[in-house]
Each structure stands twice: as structure tokens, then as C-alpha cells.
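Source file: model25.pdb (PDB, C-alpha atoms (C1' of nucleotides))
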```pdb
ATOM      1  CA  MET R   1       0.000   0.000   0.000
ATOM      2  CA  LYS R   2       1.493   3.261  -1.169
ATOM      3  CA  ASN R   3      -0.076   6.649  -0.527
ATOM      4  CA  ARG R   4       0.185  10.276  -1.611
ATOM      5  CA  LEU R   5      -0.105  11.762   1.867
ATOM      6  CA  GLU R   6       3.186  13.640   2.031
ATOM      7  CA  GLU R   7       2.704  14.988  -1.481
ATOM      8  CA  LEU R   8      -0.847  16.158  -0.757
ATOM      9  CA  ARG R   9       0.027  17.612   2.620
ATOM     10  CA  LYS R  10       2.986  19.601   1.267
ATOM     11  CA  ALA R  11       0.928  20.804  -1.687
ATOM     12  CA  ARG R  12      -1.393  22.393   0.858
ATOM     13  CA  GLY R  13       1.494  23.783   2.905
ATOM     14  CA  VAL R  14       0.364  22.118   6.097
ATOM     15  CA  ARG R  15       2.602  20.668   8.813
ATOM     16  CA  GLN R  16       2.321  17.065  10.023
ATOM     17  CA  GLU R  17       1.193  18.414  13.373
ATOM     18  CA  GLU R  18      -1.594  20.483  11.816
ATOM     19  CA  LEU R  19      -2.825  17.576   9.730
ATOM     20  CA  ALA R  20      -2.683  15.310  12.765
ATOM     21  CA  ALA R  21      -4.785  17.752  14.770
ATOM     22  CA  ALA R  22      -7.334  18.074  11.970
ATOM     23  CA  LEU R  23      -7.637  14.294  11.743
ATOM     24  CA  GLU R  24      -7.541  13.780  15.515
ATOM     25  CA  VAL R  25      -4.518  11.497  15.474
ATOM     26  CA  SER R  26      -0.968  11.926  16.732
ATOM     27  CA  ARG R  27       1.808  13.516  14.706
ATOM     28  CA  GLN R  28       3.634  10.179  14.818
ATOM     29  CA  THR R  29       0.715   8.506  13.105
ATOM     30  CA  ILE R  30       0.966  10.947  10.187
ATOM     31  CA  GLY R  31       4.719  10.418   9.976
ATOM     32  CA  SER R  32       4.281   6.669  10.090
ATOM     33  CA  LEU R  33       1.744   6.724   7.279
ATOM     34  CA  GLU R  34       3.868   9.042   5.128
ATOM     35  CA  ASN R  35       6.909   6.846   5.591
ATOM     36  CA  GLY R  36       5.078   3.576   5.079
ATOM     37  CA  ARG R  37       5.563   2.120   8.540
ATOM     38  CA  TYR R  38       1.912   1.039   8.586
ATOM     39  CA  ASN R  39      -1.423   1.436   6.847
ATOM     40  CA  PRO R  40      -4.274   3.576   8.137
ATOM     41  CA  SER R  41      -7.446   2.058   9.534
ATOM     42  CA  ILE R  42     -10.370   2.443   7.160
ATOM     43  CA  VAL R  43     -11.853   5.111   9.431
ATOM     44  CA  LEU R  44      -8.670   7.162   9.278
ATOM     45  CA  ALA R  45      -8.495   6.617   5.522
ATOM     46  CA  PHE R  46     -11.999   8.078   5.199
ATOM     47  CA  LYS R  47     -11.029  11.069   7.353
ATOM     48  CA  ILE R  48      -7.941  11.692   5.239
ATOM     49  CA  ALA R  49      -9.914  11.432   2.010
ATOM     50  CA  ARG R  50     -12.534  13.817   3.326
ATOM     51  CA  TYR R  51      -9.839  16.253   4.489
ATOM     52  CA  PHE R  52      -8.271  16.430   1.031
ATOM     53  CA  GLY R  53     -11.582  16.291  -0.833
ATOM     54  CA  LEU R  54     -10.556  13.121  -2.647
ATOM     55  CA  THR R  55     -11.588   9.474  -2.646
ATOM     56  CA  ILE R  56      -9.670   6.812  -0.753
ATOM     57  CA  GLU R  57      -8.655   5.287  -4.074
ATOM     58  CA  GLU R  58      -7.157   8.595  -5.200
ATOM     59  CA  ILE R  59      -4.907   8.754  -2.147
ATOM     60  CA  PHE R  60      -4.096   5.143  -1.304
ATOM     61  CA  ILE R  61      -2.734   2.830  -3.968
ATOM     62  CA  TYR R  62      -3.381  -0.864  -3.516
ATOM     63  CA  ASP R  63      -1.753  -3.068  -6.163
TER      64      ASP R  63
ATOM     65  CA  MET V   1     -19.466   2.691   9.407
ATOM     66  CA  LYS V   2     -22.215   0.873   7.561
ATOM     67  CA  ASN V   3     -21.640  -1.355   4.581
ATOM     68  CA  ARG V   4     -23.505  -3.083   1.780
ATOM     69  CA  LEU V   5     -21.638  -6.356   2.041
ATOM     70  CA  GLU V   6     -24.554  -8.695   2.732
ATOM     71  CA  GLU V   7     -26.674  -7.045   0.057
ATOM     72  CA  LEU V   8     -23.899  -7.286  -2.533
ATOM     73  CA  ARG V   9     -22.967 -10.837  -1.621
ATOM     74  CA  LYS V  10     -26.558 -12.083  -1.817
ATOM     75  CA  ALA V  11     -27.103 -10.250  -5.098
ATOM     76  CA  ARG V  12     -24.302 -12.400  -6.495
ATOM     77  CA  GLY V  13     -25.644 -15.573  -4.914
ATOM     78  CA  VAL V  14     -22.435 -16.347  -3.107
ATOM     79  CA  ARG V  15     -22.098 -17.893   0.360
ATOM     80  CA  GLN V  16     -20.134 -16.253   3.189
ATOM     81  CA  GLU V  17     -17.684 -19.124   2.987
ATOM     82  CA  GLU V  18     -17.101 -18.607  -0.743
ATOM     83  CA  LEU V  19     -16.582 -14.889  -0.318
ATOM     84  CA  ALA V  20     -14.233 -15.503   2.600
ATOM     85  CA  ALA V  21     -12.163 -17.898   0.494
ATOM     86  CA  ALA V  22     -12.002 -15.446  -2.407
ATOM     87  CA  LEU V  23     -10.835 -12.685  -0.067
ATOM     88  CA  GLU V  24      -8.515 -14.958   1.916
ATOM     89  CA  VAL V  25     -10.168 -14.291   5.265
ATOM     90  CA  SER V  26     -12.200 -16.471   7.604
ATOM     91  CA  ARG V  27     -15.953 -16.935   7.294
ATOM     92  CA  GLN V  28     -16.337 -15.338  10.723
ATOM     93  CA  THR V  29     -14.673 -12.194   9.431
ATOM     94  CA  ILE V  30     -17.289 -11.886   6.696
ATOM     95  CA  GLY V  31     -20.081 -12.478   9.157
ATOM     96  CA  SER V  32     -18.625  -9.941  11.560
ATOM     97  CA  LEU V  33     -18.393  -7.313   8.836
ATOM     98  CA  GLU V  34     -21.912  -7.997   7.586
ATOM     99  CA  ASN V  35     -23.326  -7.726  11.077
ATOM    100  CA  GLY V  36     -21.314  -4.664  12.051
ATOM    101  CA  ARG V  37     -19.214  -6.212  14.794
ATOM    102  CA  TYR V  38     -16.123  -4.478  13.433
ATOM    103  CA  ASN V  39     -14.748  -2.565  10.459
ATOM    104  CA  PRO V  40     -12.446  -4.045   7.826
ATOM    105  CA  SER V  41      -8.799  -3.096   7.585
ATOM    106  CA  ILE V  42      -8.112  -0.872   4.594
ATOM    107  CA  VAL V  43      -6.416  -3.769   2.821
ATOM    108  CA  LEU V  44      -9.496  -5.950   3.227
ATOM    109  CA  ALA V  45     -11.698  -3.049   2.142
ATOM    110  CA  PHE V  46      -9.668  -2.797  -1.080
ATOM    111  CA  LYS V  47      -9.972  -6.547  -1.672
ATOM    112  CA  ILE V  48     -13.739  -6.386  -1.143
ATOM    113  CA  ALA V  49     -14.081  -3.405  -3.478
ATOM    114  CA  ARG V  50     -12.019  -5.152  -6.121
ATOM    115  CA  TYR V  51     -14.047  -8.347  -5.739
ATOM    116  CA  PHE V  52     -17.337  -6.528  -6.363
ATOM    117  CA  GLY V  53     -15.924  -4.201  -9.009
ATOM    118  CA  LEU V  54     -16.854  -1.145  -6.964
ATOM    119  CA  THR V  55     -15.029   1.582  -5.049
ATOM    120  CA  ILE V  56     -14.587   1.484  -1.293
ATOM    121  CA  GLU V  57     -16.885   4.498  -1.025
ATOM    122  CA  GLU V  58     -19.632   2.641  -2.900
ATOM    123  CA  ILE V  59     -19.558  -0.225  -0.408
ATOM    124  CA  PHE V  60     -18.633   1.359   2.914
ATOM    125  CA  ILE V  61     -20.570   4.335   4.217
ATOM    126  CA  TYR V  62     -18.756   6.677   6.566
ATOM    127  CA  ASP V  63     -20.912   9.465   7.946
TER     128      ASP V  63
ATOM    129  C1'  DT H   1      27.335  29.840  14.809
ATOM    130  C1'  DG H   2      23.400  28.931  17.385
ATOM    131  C1'  DC H   3      18.381  28.713  18.017
ATOM    132  C1'  DG H   4      13.588  27.565  16.840
ATOM    133  C1'  DT H   5      10.749  24.760  14.023
ATOM    134  C1'  DA H   6       9.586  20.589  11.646
ATOM    135  C1'  DT H   7      10.411  15.793  10.915
ATOM    136  C1'  DG H   8      12.231  10.829  11.857
ATOM    137  C1'  DT H   9      11.914   7.148  14.634
ATOM    138  C1'  DA H  10      12.285   3.980  18.703
ATOM    139  C1'  DA H  11      10.089   1.936  23.009
ATOM    140  C1'  DA H  12       6.307   0.415  25.573
ATOM    141  C1'  DG H  13       1.454   0.177  26.260
ATOM    142  C1'  DT H  14      -3.680  -0.242  24.539
ATOM    143  C1'  DT H  15      -7.191  -1.559  21.424
ATOM    144  C1'  DA H  16      -9.468  -3.457  17.466
ATOM    145  C1'  DA H  17      -9.062  -6.403  13.475
ATOM    146  C1'  DC H  18      -8.154 -10.604  12.637
ATOM    147  C1'  DT H  19      -7.544 -16.065  13.613
ATOM    148  C1'  DT H  20      -9.206 -20.883  15.110
ATOM    149  C1'  DT H  21     -12.434 -23.563  17.460
ATOM    150  C1'  DC H  22     -16.857 -24.560  18.832
ATOM    151  C1'  DC H  23     -21.749 -24.789  19.205
ATOM    152  C1'  DA H  24     -26.451 -22.869  18.585
ATOM    153  C1'  DA H  25     -29.868 -21.091  15.451
ATOM    154  C1'  DT H  26     -31.798 -20.677  10.739
ATOM    155  C1'  DT H  27     -32.994 -22.078   6.469
ATOM    156  C1'  DC H  28     -33.792 -25.142   2.735
ATOM    157  C1'  DA H  29     -34.368 -29.541   0.089
ATOM    158  C1'  DC H  30     -36.605 -33.820   0.214
TER     159       DC H  30
ATOM    160  C1'  DG E   1     -40.563 -33.084   9.876
ATOM    161  C1'  DT E   2     -35.812 -34.660   9.393
ATOM    162  C1'  DG E   3     -31.256 -33.796   7.962
ATOM    163  C1'  DA E   4     -27.818 -31.019   5.728
ATOM    164  C1'  DA E   5     -26.183 -26.679   4.590
ATOM    165  C1'  DT E   6     -25.673 -21.954   5.915
ATOM    166  C1'  DT E   7     -25.302 -18.347   9.180
ATOM    167  C1'  DG E   8     -24.790 -16.162  14.038
ATOM    168  C1'  DG E   9     -21.897 -15.426  17.428
ATOM    169  C1'  DA E  10     -18.984 -16.381  21.734
ATOM    170  C1'  DA E  11     -14.124 -17.342  23.646
ATOM    171  C1'  DA E  12      -9.343 -16.984  23.605
ATOM    172  C1'  DG E  13      -5.215 -15.914  21.233
ATOM    173  C1'  DT E  14      -2.209 -12.986  17.790
ATOM    174  C1'  DT E  15      -1.004  -8.938  15.298
ATOM    175  C1'  DA E  16      -1.051  -4.313  13.581
ATOM    176  C1'  DA E  17      -2.844   0.294  14.150
ATOM    177  C1'  DC E  18      -2.813   3.432  17.208
ATOM    178  C1'  DT E  19      -1.126   6.234  21.787
ATOM    179  C1'  DT E  20       2.389   8.842  24.736
ATOM    180  C1'  DT E  21       6.968   9.871  25.693
ATOM    181  C1'  DA E  22      11.370  10.813  24.461
ATOM    182  C1'  DC E  23      15.294  11.986  21.888
ATOM    183  C1'  DA E  24      17.911  12.635  17.578
ATOM    184  C1'  DT E  25      18.243  14.781  13.095
ATOM    185  C1'  DA E  26      17.658  18.330   9.581
ATOM    186  C1'  DC E  27      16.743  22.848   8.026
ATOM    187  C1'  DG E  28      16.153  27.704   7.639
ATOM    188  C1'  DC E  29      17.220  32.204   9.585
ATOM    189  C1'  DA E  30      19.158  36.076  12.610
TER     190       DA E  30
END
```
Kindly return the structure encoded in the file as C-alpha cells.
Amino acid sequence: MKNRLEELRKARGVRQEELAAALEVSRQTIGSLENGRYNPSIVLAFKIARYFGLTIEEIFIYD
Amino acid sequence: MKNRLEELRKARGVRQEELAAALEVSRQTIGSLENGRYNPSIVLAFKIARYFGLTIEEIFIYD
DNA sequence: TGCGTATGTAAAGTTAACTTTCCAATTCAC
DNA sequence: GTGAATTGGAAAGTTAACTTTACATACGCA
């Protein structure tokens, strides 16, 4: 599972900490997702998609 | 998180056990998802979406 | 150079998404 | 109605997605 989180976050000029607060998760969770240490839960994936105004499939790439 | 799993599965005339095998999870996992005992991981959600030829958003409803 | 800000990541703990096993409850064909 | 197939769901165990804490690294900028 790859994702476009870092790319999308930077495109919006938002810090990991800001994104984390908006999504109600820890900064470490954002970092871990961006660096591929683990996958989001489906609930978090929905929150992320909603935050960026995209679909889950547009952000997370499952091969 | 609601989902249309049971509806979609029955529409295809497939048993829980068959769907479970196709998705490489246990039958109990399918039953638990259908009856709302827990949410799928994002990986399983992708597998389910792919199986039914739909997007995650078309199957799982996050309010 | 040195400081403030942002990020990387490890350790240890909690919780929820799974597993296997088991049995009870439906449903369906005959 | 009986028996077989299907589903519901509990119990106990494992794993991965989180948490908090802590510290190290990198990167402007005065």
C-alpha cells in the first residue's frame, strides 16, 4: 500500500502536526503513514480522504 | 461505518464461505463485517471493493 | 554559529481487526 | 418433519494500528 499523503500535505502547505490535529490522530501517526511504517485504519483513511476532498482510491494505492 | 456487504454478496448468490475464500479471510470475518461487529482493515476493504468491481466508497458508508 | 521549528523514529502500552475452534440457530431440500 | 447446509456469534489468542513519551536529526534564519 502506497499513498500520496506527504505529497498532498505539502501541496497544501500544512505541517504534520496540523494535519494530525485536523484528523484527531498523533503527529507520529501521520509520519508513520507518510513513511510507510503502517497502513491507516479504514476510518482514518476516510477522514484523510474527506480532508483532502478526494476518494480513498485517489490517495491510497493498492496493487 | 455501515456497509452493503450482505446485500452485494446475496445479489451475487455467493455464500459467506465462498466470499471468505475469495478474499482470503475467515468466514467469521465476513459475518462480523456484515453484522457490524467491526470494520475491515483498509487492505481488506480494497480486496472487497475489487471483488465486487466497486469503489470502497460505494460499499462502505462513513458518515 | 546557534536557536527555533519541523520531521524521523524507537520503546512500551492499549485496542481493534483478525484467527481458530466450537456450538447454537436458521434455512432449505426432500 | 428430518437432515444437511448456511449463518450467528462467543471465547481466547495474535497482530497491527494506534497512543504517549522521548530523543535525535535536519533545516532555515538572525
Margin query: as a list in words, could you give me every residue of chain R near chain H (at most 10 Å apart, counting all atoms listed in the file)?
Written below: Arg15, Gln16, Glu17, Arg27, Gln28, Gly31, Ser32, Asn35 and Ser41 of chain R
Next item on the list: Identify all residues satisfying the PyMOL selection byres ((chain V and resi 52) around 12) in the given file; provide them as a PyMOL selection string.
Entry: chain V and resi 4-12+14+19+22-23+45-51+53-56+58-59
Notebook entry, point to check: If you apply the PyMOL selection byres ((chain E) within 10 of (chain R)) to this file, what residues do you get, as a list of chain:residue names?
Noted result: E:DA16, E:DA17, E:DC18, E:DT19, E:DT20
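Distance-wise, atom CA of V:Ala20 and atom CA of V:Leu33 end up 11.1 Å apart.
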Need the axis-aligned box for stretch 5-10 of chain H with 4 Å each side, so what are the centre and edges in Å to one decimal, as AutoDock Vina command-line options?
```
--center_x 10.9 --center_y 14.4 --center_z 14.8 --size_x 10.7 --size_y 28.8 --size_z 15.8
```
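Nearest to chain R of all the residues V:Met1, V:Ile30, V:Ile42, V:Ala21 is V:Ile42, counting only C-alpha atoms.
For the pair atom C1' of E:DA26 and atom CA of R:Glu18, the interatomic distance is 19.5 Å.
Of note, atom CA of R:Gly36 and atom CA of R:Gly13 are spaced 20.6 Å apart.
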Note to self: Which residues, named as in the file, does the PyMOL selection byres ((chain V and resi 2) around 6) pick out? Answer as a VMD selection string.
What the structure shows: chain V and resid 1 3 60 to 61
How about saving the chosen residues, C-alpha atoms kept, as a short mmCIF file (atom, residue, chain, number, x, y, z; two decimals), in the coordinates of the input?
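Everything below was put into selection.cif:
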```
data_model
loop_
_atom_site.label_atom_id
_atom_site.label_comp_id
_atom_site.auth_asym_id
_atom_site.auth_seq_id
_atom_site.Cartn_x
_atom_site.Cartn_y
_atom_site.Cartn_z
CA MET V 1 -19.47 2.69 9.41
CA ASN V 3 -21.64 -1.36 4.58
CA PHE V 60 -18.63 1.36 2.91
CA ILE V 61 -20.57 4.34 4.22
#
```
